[in-house]
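Text of the file structure-v5.cif, holding mmCIF, C-alpha atoms (C1' of nucleotides):
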data_target
#
loop_
_atom_site.label_atom_id
_atom_site.label_comp_id
_atom_site.auth_asym_id
_atom_site.auth_seq_id
_atom_site.Cartn_x
_atom_site.Cartn_y
_atom_site.Cartn_z
CA MET I 193 24.03 16.42 -37.12
CA LEU I 194 21.57 14.27 -38.97
CA LYS I 195 17.97 15.09 -38.45
CA SER I 196 15.55 12.23 -38.36
CA CYS I 197 13.23 12.42 -41.31
CA SER I 198 10.54 10.14 -39.96
CA ALA I 199 7.10 11.65 -39.93
CA ARG I 200 6.89 11.24 -36.17
CA SER I 201 9.61 13.77 -35.50
CA SER I 202 8.96 16.46 -38.06
CA ALA I 203 8.79 20.02 -36.84
CA LYS I 204 5.33 20.47 -38.31
CA ARG I 205 4.08 17.45 -36.46
CA SER I 206 5.25 18.90 -33.18
CA ALA I 207 3.69 22.24 -33.99
CA ILE I 208 0.40 20.49 -34.72
CA LEU I 209 0.52 18.56 -31.47
CA ASP I 210 1.33 21.66 -29.44
CA ALA I 211 -1.39 23.69 -31.11
CA ALA I 212 -3.96 20.93 -30.81
CA GLN I 213 -3.14 20.48 -27.15
CA ARG I 214 -3.64 24.16 -26.48
CA CYS I 215 -6.92 24.26 -28.43
CA PHE I 216 -8.36 21.08 -26.95
CA LEU I 217 -7.41 21.97 -23.40
CA GLU I 218 -8.85 25.43 -23.79
CA HIS I 219 -12.09 24.78 -25.65
CA GLY I 220 -12.71 21.05 -25.34
CA TYR I 221 -12.74 18.38 -28.00
CA ALA I 222 -16.14 18.84 -29.62
CA SER I 223 -15.86 22.63 -29.65
CA THR I 224 -12.46 22.71 -31.31
CA SER I 225 -12.38 22.68 -35.11
CA MET I 226 -9.55 21.42 -37.26
CA ASP I 227 -9.44 24.87 -38.87
CA THR I 228 -8.68 26.38 -35.49
CA VAL I 229 -5.96 23.84 -34.86
CA ALA I 230 -4.47 24.52 -38.30
CA ALA I 231 -4.51 28.27 -37.76
CA THR I 232 -2.98 27.95 -34.30
CA ALA I 233 -0.24 25.71 -35.64
CA ALA I 234 0.31 28.02 -38.63
CA VAL I 235 -0.16 25.05 -40.88
CA SER I 236 -2.69 24.07 -43.48
CA LYS I 237 -5.47 21.70 -42.58
CA ALA I 238 -4.29 19.23 -45.19
CA THR I 239 -0.96 18.99 -43.42
CA ILE I 240 -2.71 17.91 -40.25
CA TYR I 241 -4.42 15.13 -42.13
CA ALA I 242 -1.08 14.10 -43.60
CA HIS I 243 0.09 13.38 -40.05
CA PHE I 244 -3.09 12.26 -38.35
CA GLN I 245 -5.81 10.12 -39.80
CA SER I 246 -8.69 11.96 -38.19
CA LYS I 247 -9.68 14.44 -35.51
CA ASP I 248 -10.32 11.50 -33.20
CA GLN I 249 -6.81 10.17 -33.64
CA LEU I 250 -5.31 13.61 -33.14
CA PHE I 251 -7.27 13.84 -29.90
CA ALA I 252 -6.02 10.42 -28.83
CA ALA I 253 -2.43 11.47 -29.54
CA ILE I 254 -2.85 14.55 -27.36
CA ILE I 255 -4.37 12.64 -24.48
CA HIS I 256 -1.67 9.98 -24.63
CA ARG I 257 1.02 12.64 -24.60
CA ARG I 258 -0.60 14.34 -21.63
CA CYS I 259 -0.89 10.98 -19.88
CA ASP I 260 2.84 10.47 -20.26
CA SER I 261 3.59 13.74 -18.53
CA LEU I 262 0.92 12.96 -15.96
CA ALA I 263 2.63 9.67 -15.21
CA CYS I 264 5.94 11.48 -14.82
CA ALA I 265 4.35 13.92 -12.39
CA ALA I 266 2.85 11.00 -10.50
CA ASP I 267 6.24 9.32 -10.26
CA ALA I 268 7.73 12.54 -8.95
CA LEU I 269 5.48 12.47 -5.88
CA GLU I 270 7.89 11.56 -3.18
CA VAL I 271 9.12 12.41 0.27
CA SER I 272 12.85 12.14 0.68
CA GLU I 273 13.22 11.83 4.43
CA ILE I 274 10.66 9.91 6.39
CA THR I 275 11.02 10.42 10.11
CA ASP I 276 7.76 12.03 11.14
CA ALA I 277 4.31 10.89 10.00
CA ARG I 278 2.67 14.30 10.19
CA ALA I 279 5.44 16.05 8.29
CA THR I 280 5.49 13.35 5.63
CA LEU I 281 1.76 13.43 5.09
CA THR I 282 1.77 17.22 4.95
CA THR I 283 4.49 17.26 2.32
CA LEU I 284 2.64 14.63 0.33
CA ALA I 285 -0.61 16.56 0.59
CA ARG I 286 0.98 19.78 -0.59
CA GLN I 287 2.59 18.10 -3.59
CA LEU I 288 -0.63 16.35 -4.51
CA MET I 289 -2.79 19.41 -4.10
CA SER I 290 -0.61 21.63 -6.28
CA MET I 291 -0.73 18.88 -8.90
CA LEU I 292 -4.50 18.48 -8.66
CA LEU I 293 -5.09 22.22 -8.87
CA ASP I 294 -2.75 22.77 -11.82
CA GLY I 295 -4.59 24.45 -14.66
CA ASP I 296 -3.53 22.04 -17.40
CA VAL I 297 -4.20 19.00 -15.23
CA LEU I 298 -7.69 20.28 -14.50
CA CYS I 299 -8.27 20.91 -18.21
CA ILE I 300 -7.31 17.43 -19.30
CA TYR I 301 -9.39 15.98 -16.50
CA ARG I 302 -12.43 17.96 -17.61
CA MET I 303 -11.92 16.77 -21.15
CA VAL I 304 -11.49 13.12 -20.25
CA VAL I 305 -14.61 13.25 -18.09
CA ALA I 306 -16.52 14.97 -20.87
CA GLU I 307 -15.50 12.48 -23.56
CA SER I 308 -15.39 9.37 -21.39
CA SER I 309 -18.57 7.93 -22.87
CA ARG I 310 -17.41 8.49 -26.44
CA HIS I 311 -13.72 7.65 -25.88
CA ALA I 312 -13.76 4.87 -23.31
CA ASP I 313 -10.25 3.71 -24.16
CA LEU I 314 -8.82 7.15 -23.48
CA ALA I 315 -10.58 7.29 -20.14
CA ARG I 316 -8.92 4.02 -19.18
CA THR I 317 -5.49 5.19 -20.35
CA TYR I 318 -5.89 8.41 -18.39
CA PHE I 319 -7.04 6.64 -15.25
CA GLU I 320 -4.05 4.33 -15.27
CA ALA I 321 -1.49 6.99 -16.08
CA GLY I 322 -2.89 9.47 -13.61
CA PRO I 323 -4.90 8.47 -10.55
CA THR I 324 -3.85 4.82 -10.37
CA ARG I 325 -0.16 5.47 -10.96
CA GLY I 326 -0.16 8.35 -8.52
CA LYS I 327 -1.88 6.27 -5.89
CA GLN I 328 0.61 3.46 -6.35
CA ARG I 329 3.47 5.88 -5.86
CA LEU I 330 1.91 7.46 -2.81
CA SER I 331 0.99 4.13 -1.28
CA LYS I 332 4.69 3.28 -1.12
CA THR I 333 5.30 6.27 1.10
CA LEU I 334 2.42 5.20 3.27
CA ASP I 335 3.87 1.69 3.44
CA ALA I 336 7.16 3.19 4.57
CA LEU I 337 5.40 5.01 7.39
CA VAL I 338 3.75 1.78 8.43
CA SER I 339 6.93 -0.26 8.35
CA LYS I 340 8.60 2.36 10.54
CA GLY I 341 5.76 2.00 13.00
CA LEU I 342 4.73 5.60 12.60
CA LEU I 343 1.26 4.64 11.42
CA GLN I 344 -0.84 1.52 11.79
CA ILE I 345 -2.75 0.73 8.60
CA ASP I 346 -4.25 -2.57 7.49
CA ASP I 347 -5.23 -1.48 3.99
CA THR I 348 -2.84 1.19 2.76
CA TRP I 349 -4.60 1.38 -0.60
CA LEU I 350 -7.86 2.25 1.12
CA ALA I 351 -6.12 4.73 3.41
CA MET I 352 -4.51 6.39 0.41
CA ASP I 353 -7.86 6.55 -1.34
CA GLN I 354 -9.30 8.25 1.72
CA PHE I 355 -6.41 10.69 1.99
CA ILE I 356 -6.68 11.69 -1.66
CA GLY I 357 -10.46 11.83 -1.42
CA MET I 358 -10.30 14.27 1.47
CA LEU I 359 -7.90 16.46 -0.50
CA ARG I 360 -10.24 16.39 -3.48
CA GLY I 361 -12.92 18.07 -1.39
CA GLU I 362 -14.77 21.31 -1.91
CA HIS I 363 -11.68 23.36 -2.67
CA PHE I 364 -10.71 21.08 -5.54
CA HIS I 365 -14.30 20.72 -6.62
CA ARG I 366 -14.73 24.46 -7.03
CA ALA I 367 -11.54 24.68 -9.05
CA LEU I 368 -12.70 21.85 -11.30
CA LEU I 369 -15.93 23.69 -12.08
CA GLY I 370 -14.13 27.00 -12.54
CA LEU I 371 -15.92 28.60 -9.61
CA PRO I 372 -14.32 31.35 -7.53
CA ALA I 373 -11.72 29.53 -5.50
CA GLY I 374 -11.40 29.48 -1.78
CA ASP I 375 -8.44 31.43 -0.50
CA ARG I 376 -5.10 30.14 0.71
CA THR I 377 -6.40 29.74 4.26
CA ASP I 378 -9.12 27.46 2.96
CA LEU I 379 -6.55 25.37 1.09
CA GLU I 380 -4.40 25.07 4.19
CA ARG I 381 -7.37 24.00 6.28
CA THR I 382 -8.16 21.25 3.79
CA ILE I 383 -4.59 19.98 3.85
CA GLU I 384 -4.18 20.15 7.60
CA GLY I 385 -7.59 18.62 8.12
CA ALA I 386 -6.84 15.64 5.90
CA VAL I 387 -3.49 15.07 7.59
CA GLU I 388 -5.01 15.38 11.05
CA THR I 389 -7.82 12.95 10.27
CA ILE I 390 -5.46 10.35 8.87
CA MET I 391 -3.16 10.81 11.85
CA ARG I 392 -5.99 10.22 14.29
CA ALA I 393 -7.57 7.34 12.43
CA TYR I 394 -4.34 5.47 11.86
CA ALA I 395 -2.24 6.39 14.87
CA PRO I 396 -0.32 3.40 16.26
CA ARG I 397 -2.20 2.01 19.23
CA ALA I 398 -0.46 1.65 22.55
CA MET B 215 -60.98 21.19 -16.57
CA LEU B 216 -59.27 24.18 -18.05
CA LYS B 217 -55.84 23.60 -19.39
CA SER B 218 -53.35 26.35 -18.99
CA CYS B 219 -52.42 27.75 -22.35
CA SER B 220 -49.20 29.40 -21.30
CA ALA B 221 -46.22 28.37 -23.34
CA ARG B 222 -44.49 27.05 -20.26
CA SER B 223 -46.95 24.22 -19.76
CA SER B 224 -47.70 23.04 -23.28
CA ALA B 225 -47.39 19.34 -24.00
CA LYS B 226 -44.91 19.97 -26.80
CA ARG B 227 -42.73 21.96 -24.48
CA SER B 228 -42.55 19.07 -22.06
CA ALA B 229 -41.80 16.65 -24.88
CA ILE B 230 -38.96 18.88 -26.01
CA LEU B 231 -37.55 19.15 -22.53
CA ASP B 232 -37.71 15.39 -21.98
CA ALA B 233 -36.16 14.65 -25.35
CA ALA B 234 -33.43 17.24 -24.92
CA GLN B 235 -32.61 15.91 -21.49
CA ARG B 236 -32.22 12.40 -22.84
CA CYS B 237 -30.08 13.55 -25.76
CA PHE B 238 -27.86 15.87 -23.75
CA LEU B 239 -27.34 13.38 -20.94
CA GLU B 240 -26.54 10.64 -23.41
CA HIS B 241 -24.32 12.42 -25.92
CA GLY B 242 -23.26 15.64 -24.26
CA TYR B 243 -24.09 19.22 -25.17
CA ALA B 244 -21.74 19.89 -28.06
CA SER B 245 -22.38 16.52 -29.68
CA THR B 246 -26.15 16.83 -29.64
CA SER B 247 -27.78 18.58 -32.60
CA MET B 248 -31.09 20.36 -32.58
CA ASP B 249 -32.19 18.02 -35.37
CA THR B 250 -31.63 15.07 -33.06
CA VAL B 251 -33.59 16.71 -30.28
CA ALA B 252 -36.42 17.50 -32.69
CA ALA B 253 -36.53 13.95 -33.99
CA THR B 254 -36.45 12.49 -30.48
CA ALA B 255 -39.27 14.78 -29.38
CA ALA B 256 -41.23 14.01 -32.57
CA VAL B 257 -41.46 17.72 -33.17
CA SER B 258 -40.17 20.05 -35.84
CA LYS B 259 -37.05 22.03 -35.19
CA ALA B 260 -38.96 25.28 -35.63
CA THR B 261 -41.22 24.31 -32.74
CA ILE B 262 -38.20 24.04 -30.49
CA TYR B 263 -37.17 27.54 -31.43
CA ALA B 264 -40.71 28.73 -30.72
CA HIS B 265 -40.20 27.62 -27.12
CA PHE B 266 -36.50 28.22 -26.59
CA GLN B 267 -34.47 31.08 -27.92
CA SER B 268 -31.37 29.04 -28.67
CA LYS B 269 -29.61 25.76 -28.07
CA ASP B 270 -27.77 27.37 -25.19
CA GLN B 271 -31.00 28.37 -23.49
CA LEU B 272 -32.49 24.93 -24.02
CA PHE B 273 -29.40 23.50 -22.37
CA ALA B 274 -29.75 25.91 -19.50
CA ALA B 275 -33.39 24.92 -19.03
CA ILE B 276 -32.40 21.24 -18.84
CA ILE B 277 -29.64 21.85 -16.34
CA HIS B 278 -31.88 24.00 -14.16
CA ARG B 279 -34.56 21.32 -14.20
CA ARG B 280 -32.02 18.68 -13.25
CA CYS B 281 -30.71 20.93 -10.51
CA ASP B 282 -34.19 21.17 -9.05
CA SER B 283 -34.48 17.40 -8.80
CA LEU B 284 -30.92 17.26 -7.53
CA ALA B 285 -31.83 19.70 -4.79
CA CYS B 286 -34.85 17.57 -3.88
CA ALA B 287 -32.65 14.50 -3.69
CA ALA B 288 -30.21 16.44 -1.54
CA ASP B 289 -33.01 17.50 0.81
CA ALA B 290 -34.14 13.89 1.07
CA LEU B 291 -30.85 12.87 2.59
CA GLU B 292 -31.81 12.25 6.16
CA VAL B 293 -31.55 9.86 9.05
CA SER B 294 -34.74 9.57 11.05
CA GLU B 295 -33.46 8.16 14.33
CA ILE B 296 -30.15 9.28 15.67
CA THR B 297 -28.98 7.16 18.56
CA ASP B 298 -25.77 5.62 17.31
CA ALA B 299 -23.02 7.49 15.49
CA ARG B 300 -21.80 4.52 13.48
CA ALA B 301 -25.27 3.50 12.33
CA THR B 302 -26.16 7.06 11.42
CA LEU B 303 -23.00 7.61 9.40
CA THR B 304 -23.45 4.28 7.63
CA THR B 305 -27.01 5.12 6.63
CA LEU B 306 -25.91 8.53 5.44
CA ALA B 307 -23.06 7.01 3.46
CA ARG B 308 -25.31 4.49 1.75
CA GLN B 309 -27.83 7.14 0.76
CA LEU B 310 -25.13 9.43 -0.53
CA MET B 311 -23.32 6.72 -2.45
CA SER B 312 -26.40 5.47 -4.26
CA MET B 313 -27.11 9.08 -5.19
CA LEU B 314 -23.56 9.73 -6.39
CA LEU B 315 -23.49 6.55 -8.46
CA ASP B 316 -26.88 7.09 -10.07
CA GLY B 317 -26.56 7.03 -13.85
CA ASP B 318 -28.39 10.27 -14.55
CA VAL B 319 -26.60 12.11 -11.76
CA LEU B 320 -23.27 11.01 -13.18
CA CYS B 321 -24.33 12.12 -16.65
CA ILE B 322 -25.30 15.61 -15.60
CA TYR B 323 -22.12 15.89 -13.58
CA ARG B 324 -20.02 14.93 -16.61
CA MET B 325 -21.83 17.48 -18.69
CA VAL B 326 -21.50 20.30 -16.18
CA VAL B 327 -17.79 19.58 -15.81
CA ALA B 328 -17.38 19.46 -19.58
CA GLU B 329 -19.16 22.75 -20.21
CA SER B 330 -18.06 24.56 -17.06
CA SER B 331 -15.66 26.83 -18.93
CA ARG B 332 -18.26 27.78 -21.53
CA HIS B 333 -21.26 27.91 -19.18
CA ALA B 334 -19.87 29.23 -15.92
CA ASP B 335 -23.27 30.30 -14.62
CA LEU B 336 -24.65 26.78 -15.00
CA ALA B 337 -21.68 25.36 -13.15
CA ARG B 338 -22.46 27.66 -10.26
CA THR B 339 -26.16 26.80 -10.28
CA TYR B 340 -25.32 23.12 -10.31
CA PHE B 341 -22.80 23.43 -7.51
CA GLU B 342 -25.26 25.21 -5.26
CA ALA B 343 -28.20 22.92 -6.01
CA GLY B 344 -26.14 19.74 -5.70
CA PRO B 345 -22.96 19.54 -3.67
CA THR B 346 -23.49 22.60 -1.49
CA ARG B 347 -27.13 21.93 -0.73
CA GLY B 348 -26.41 18.28 -0.04
CA LYS B 349 -23.57 19.15 2.25
CA GLN B 350 -25.70 21.63 4.15
CA ARG B 351 -28.34 18.97 4.67
CA LEU B 352 -25.82 16.37 5.77
CA SER B 353 -24.02 18.78 8.06
CA LYS B 354 -27.21 19.09 10.10
CA THR B 355 -27.14 15.38 10.81
CA LEU B 356 -23.52 15.69 11.82
CA ASP B 357 -24.42 18.61 14.08
CA ALA B 358 -27.07 16.44 15.71
CA LEU B 359 -24.49 13.76 16.41
CA VAL B 360 -22.22 16.37 17.96
CA SER B 361 -24.94 17.90 20.13
CA LYS B 362 -25.81 14.44 21.42
CA GLY B 363 -22.19 13.98 22.38
CA LEU B 364 -21.78 11.02 20.04
CA LEU B 365 -19.04 12.74 18.08
CA GLN B 366 -16.68 15.60 18.87
CA ILE B 367 -16.19 17.88 15.89
CA ASP B 368 -14.98 21.47 15.80
CA ASP B 369 -15.64 22.13 12.13
CA THR B 370 -18.59 20.03 10.97
CA TRP B 371 -18.41 21.52 7.49
CA LEU B 372 -14.83 20.30 7.12
CA ALA B 373 -15.70 16.92 8.58
CA MET B 374 -18.57 16.58 6.13
CA ASP B 375 -16.30 17.53 3.27
CA GLN B 376 -13.89 14.84 4.38
CA PHE B 377 -16.64 12.24 4.73
CA ILE B 378 -18.01 12.95 1.26
CA GLY B 379 -14.52 13.10 -0.18
CA MET B 380 -13.69 9.65 1.12
CA LEU B 381 -16.90 8.32 -0.40
CA ARG B 382 -15.99 9.92 -3.72
CA GLY B 383 -12.90 7.76 -3.91
CA GLU B 384 -11.75 5.28 -6.50
CA HIS B 385 -15.08 3.47 -6.72
CA PHE B 386 -16.92 6.66 -7.62
CA HIS B 387 -14.08 7.83 -9.82
CA ARG B 388 -14.24 4.72 -11.97
CA ALA B 389 -17.99 5.07 -12.34
CA LEU B 390 -17.58 8.70 -13.38
CA LEU B 391 -15.18 7.72 -16.15
CA GLY B 392 -17.33 4.79 -17.22
CA LEU B 393 -14.64 2.25 -16.34
CA PRO B 394 -15.51 -1.27 -15.20
CA ALA B 395 -16.82 -0.80 -11.70
CA GLY B 396 -15.58 -2.43 -8.58
CA ASP B 397 -17.92 -5.03 -7.17
CA ARG B 398 -20.29 -4.73 -4.26
CA THR B 399 -17.61 -5.77 -1.79
CA ASP B 400 -15.48 -2.91 -2.97
CA LEU B 401 -18.35 -0.49 -2.47
CA GLU B 402 -18.99 -1.78 1.04
CA ARG B 403 -15.33 -1.44 1.93
CA THR B 404 -15.36 2.18 0.82
CA ILE B 405 -18.45 2.93 2.90
CA GLU B 406 -17.28 1.10 6.00
CA GLY B 407 -13.81 2.58 5.66
CA ALA B 408 -15.12 6.13 5.51
CA VAL B 409 -17.39 5.56 8.50
CA GLU B 410 -14.60 3.95 10.50
CA THR B 411 -12.15 6.73 9.75
CA ILE B 412 -14.61 9.45 10.76
CA MET B 413 -15.48 7.48 13.90
CA ARG B 414 -11.86 7.23 14.93
CA ALA B 415 -10.91 10.78 14.03
CA TYR B 416 -13.87 12.38 15.72
CA ALA B 417 -14.60 10.05 18.60
CA PRO B 418 -15.47 11.90 21.81
CA ARG B 419 -12.39 12.04 24.02
CA ALA B 420 -12.54 10.78 27.55
"C1'" DG S 270 5.04 17.00 -47.15
"C1'" DT S 271 2.84 21.03 -47.86
"C1'" DC S 272 -0.06 24.03 -49.89
"C1'" DT S 273 -4.88 26.11 -51.99
"C1'" DA S 274 -9.31 25.07 -53.01
"C1'" DT S 275 -13.36 22.66 -52.44
"C1'" DA S 276 -16.40 18.85 -51.87
"C1'" DG S 277 -20.17 17.14 -49.19
"C1'" DA S 278 -22.46 16.78 -45.07
"C1'" DG S 279 -24.39 18.75 -40.92
"C1'" DC S 280 -25.05 22.60 -38.07
"C1'" DG S 281 -28.03 26.48 -35.65
"C1'" DA S 282 -31.47 29.35 -36.72
"C1'" DT S 283 -35.31 31.50 -39.60
"C1'" DA S 284 -39.12 32.55 -43.24
"C1'" DG S 285 -43.55 31.92 -44.42
"C1'" DA S 286 -47.79 29.07 -44.91
"C1'" DC S 287 -51.43 27.47 -42.04
"C1'" DG P 51 -47.96 27.11 -32.15
"C1'" DT P 52 -46.65 24.15 -35.51
"C1'" DC P 53 -45.25 22.76 -39.71
"C1'" DT P 54 -42.02 22.36 -44.29
"C1'" DA P 55 -38.41 24.19 -46.55
"C1'" DT P 56 -34.26 26.47 -46.68
"C1'" DC P 57 -30.64 29.92 -45.70
"C1'" DG P 58 -25.96 30.70 -44.57
"C1'" DC P 59 -22.46 29.05 -42.25
"C1'" DT P 60 -18.96 25.76 -40.34
"C1'" DC P 61 -17.52 21.33 -40.08
"C1'" DT P 62 -14.39 17.11 -41.32
"C1'" DA P 63 -12.00 15.38 -44.82
"C1'" DT P 64 -9.97 15.15 -49.55
"C1'" DA P 65 -8.22 16.33 -54.48
"C1'" DG P 66 -4.69 18.00 -57.05
"C1'" DA P 67 -0.76 21.20 -57.91
"C1'" DC P 68 3.96 21.75 -56.48
#

Have the structure of the file written as structure tokens, please.
Amino acid sequence: MLKSCSARSSAKRSAILDAAQRCFLEHGYASTSMDTVAATAAVSKATIYAHFQSKDQLFAAIIHRRCDSLACAADALEVSEITDARATLTTLARQLMSMLLDGDVLCIYRMVVAESSRHADLARTYFEAGPTRGKQRLSKTLDALVSKGLLQIDDTWLAMDQFIGMLRGEHFHRALLGLPAGDRTDLERTIEGAVETIMRAYAPRA
Amino acid sequence: MLKSCSARSSAKRSAILDAAQRCFLEHGYASTSMDTVAATAAVSKATIYAHFQSKDQLFAAIIHRRCDSLACAADALEVSEITDARATLTTLARQLMSMLLDGDVLCIYRMVVAESSRHADLARTYFEAGPTRGKQRLSKTLDALVSKGLLQIDDTWLAMDQFIGMLRGEHFHRALLGLPAGDRTDLERTIEGAVETIMRAYAPRA
DNA sequence: GTCTATAGAGCGATAGAC
DNA sequence: GTCTATCGCTCTATAGAC
């Protein structure tokens, strides 16, 4: 079995990317040194610079890689059987919430927010791979509910924005800031509340 | 007129605080050096350390000061005359949105998010002075609407969370990440949409 | 490509004169 | 309190041997 010898697929390169990801996610961009990355990857600092032009470009590579997996996660948001609006919305909400509250997802979000003014291009890449792509995917499900007559929505994009916004309420907010989280009951109330409000606001009229 | 000679009120101290605030808000905590703060304040670095024990404590002082003004802004959220639910919610939404989209408020929010893992206490202070205090203030208005029979809400805290969440949708999200903002029409649609959804979900039943 | 060693700049924080 | 000067350290990035 021939192993590709291109720089992009070397084992060291992967080790560097994995280590850098862990360091950046854990300590943030500005607070992570290349020495730390090198030590974590069990590689010399010079080796890092053989693969990546600068710390900035290493950071960009990490964010892009995370965005890819974020896009995959966004595409995975789906409800197989659509027969009941409430059940569909609840399933969607649960999927979305567990994604939003995921530790790594929160970390990359914190980092993108933190560096958005200094890395505007990365902020845009992230926004398209994550929130926008996720919303597009979820809007389809909402469209399906509408076309089945289970909900009556003029602007499904707006409705989706509202649904997601309600889910990103206090519970999410506390998690983002690393504050003691509300319990499971609190999470359930957020989910059920968002579903209930959408149901009432967009119920088909008689 | 006697001038207080306590360290807390010296002119230099104020200059340092103002300069540090500008630097931190503009470039973030980790990317701002004490030399930059000193130069911006037109003060020597040693003078800064005469007033503040460390960079961390200077940062804390800035955040606490911003939290005070954030709390004042939160307390200012109010609707004088409450006769119509829709009008009241719209006024509330406009006030809240212009506060959320304010440049300095966004900057401090980015910074708190960025440093939340390294400055957990500041994240908590911020959360209480900003989001929580604002929500408490706004919930009172919602309570007033309920007691007047203009809305029917079991859990006003949840309803407020939902209302704010809908306002913190894509428009806000783009502003937070410094992406090209939606236009004024987009903003209006977000506000009207949130009001309409709350109106429908919590309309008094016959 | 990968290492060791180090350059060269910038950092937070302090000493000591006034 | 405020300054100038500087310490001691860490940083990003590179040079040169292999």

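Of the listed residues (B:Asp282, B:Asp249, B:Asp289, B:Glu240), B:Glu240 comes nearest to Ser309 of chain I; the distances count all atoms listed in the file.
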
Open item on the list: What are the residues of chain I lining chain B at 8 Å or less? Count only C-alpha atoms, and put the answer as a ChimeraX atom specification.
Closed with: /I:219-220,222-223,302-306,308-310,312,315-316,350,353-362,368-371,382,385-386,389-390,392-393

Open item on the list: Can you tell me which residues surround DG279 of chain S at a distance of at most 10 Å, considering only C-alpha atoms (C1' of nucleotides), apart from same-chain residues fewer than 3 positions away, and format the answer as a ChimeraX atom specification?
Closed with: /B:247,249 /P:60-61

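Evaluated on this file, the PyMOL selection byres ((chain I) within 9 of (chain S)) matches Val235, Ser236, Ala238, Thr239 and Ala242 of chain I.
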
TODO: Kindly provide, as a PyMOL selection string, the polymer residues lying within 12 Å of (2.7, 12.2, -21.2), counting all atoms listed in the file and using the coordinates exactly as they appear in the file.
DONE: chain I and resi 213+252-267+297+300+317-318+320-322

- [ ] With a cut-off of 12 Å and counting all atoms listed in the file, select all residues of chain B in contact with chain P and give the selection as a PyMOL selection string.
- [x] chain B and resi 219-221+224-227+256-265

With all atoms listed in the file as the counted atoms, please give the residues lying no more than 12 Å from Leu334 of chain I, apart from itself and same-chain residues fewer than 3 positions off, as an mmCIF file with C-alpha atoms, in the coordinates of the input.
data_model
loop_
_atom_site.group_PDB
_atom_site.id
_atom_site.type_symbol
_atom_site.label_atom_id
_atom_site.label_comp_id
_atom_site.auth_asym_id
_atom_site.auth_seq_id
_atom_site.Cartn_x
_atom_site.Cartn_y
_atom_site.Cartn_z
ATOM 1 C CA GLU I 270 7.890 11.560 -3.180
ATOM 2 C CA VAL I 271 9.120 12.410 0.270
ATOM 3 C CA ILE I 274 10.660 9.910 6.390
ATOM 4 C CA ASP I 276 7.760 12.030 11.140
ATOM 5 C CA ALA I 277 4.310 10.890 10.000
ATOM 6 C CA ARG I 278 2.670 14.300 10.190
ATOM 7 C CA THR I 280 5.490 13.350 5.630
ATOM 8 C CA LEU I 281 1.760 13.430 5.090
ATOM 9 C CA LEU I 284 2.640 14.630 0.330
ATOM 10 C CA LYS I 327 -1.880 6.270 -5.890
ATOM 11 C CA GLN I 328 0.610 3.460 -6.350
ATOM 12 C CA ARG I 329 3.470 5.880 -5.860
ATOM 13 C CA LEU I 330 1.910 7.460 -2.810
ATOM 14 C CA SER I 331 0.990 4.130 -1.280
ATOM 15 C CA LEU I 337 5.400 5.010 7.390
ATOM 16 C CA VAL I 338 3.750 1.780 8.430
ATOM 17 C CA SER I 339 6.930 -0.260 8.350
ATOM 18 C CA LYS I 340 8.600 2.360 10.540
ATOM 19 C CA GLY I 341 5.760 2.000 13.000
ATOM 20 C CA LEU I 342 4.730 5.600 12.600
ATOM 21 C CA LEU I 343 1.260 4.640 11.420
ATOM 22 C CA GLN I 344 -0.840 1.520 11.790
ATOM 23 C CA ILE I 345 -2.750 0.730 8.600
ATOM 24 C CA ASP I 346 -4.250 -2.570 7.490
ATOM 25 C CA ASP I 347 -5.230 -1.480 3.990
ATOM 26 C CA THR I 348 -2.840 1.190 2.760
ATOM 27 C CA TRP I 349 -4.600 1.380 -0.600
ATOM 28 C CA LEU I 350 -7.860 2.250 1.120
ATOM 29 C CA ALA I 351 -6.120 4.730 3.410
ATOM 30 C CA MET I 352 -4.510 6.390 0.410
ATOM 31 C CA ASP I 353 -7.860 6.550 -1.340
ATOM 32 C CA PHE I 355 -6.410 10.690 1.990
ATOM 33 C CA ILE I 390 -5.460 10.350 8.870
ATOM 34 C CA MET I 391 -3.160 10.810 11.850
ATOM 35 C CA TYR I 394 -4.340 5.470 11.860
#

TODO: State, in Å with one decimal place, the distance from atom CA of Ile405 of chain B to atom CA of Gly348 of chain B.
DONE: 17.5 Å

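Atom CA of Pro396 of chain I sits 22.2 Å away from atom CA of Ser272 of chain I.
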
Task: Point (-22.8, 7.5, -6.4), cut-off 9 Å, counting only C-alpha atoms (C1' of nucleotides), residues as a PyMOL selection string - done: chain B and resi 309-317+319-320+381-382+385-386+389-390
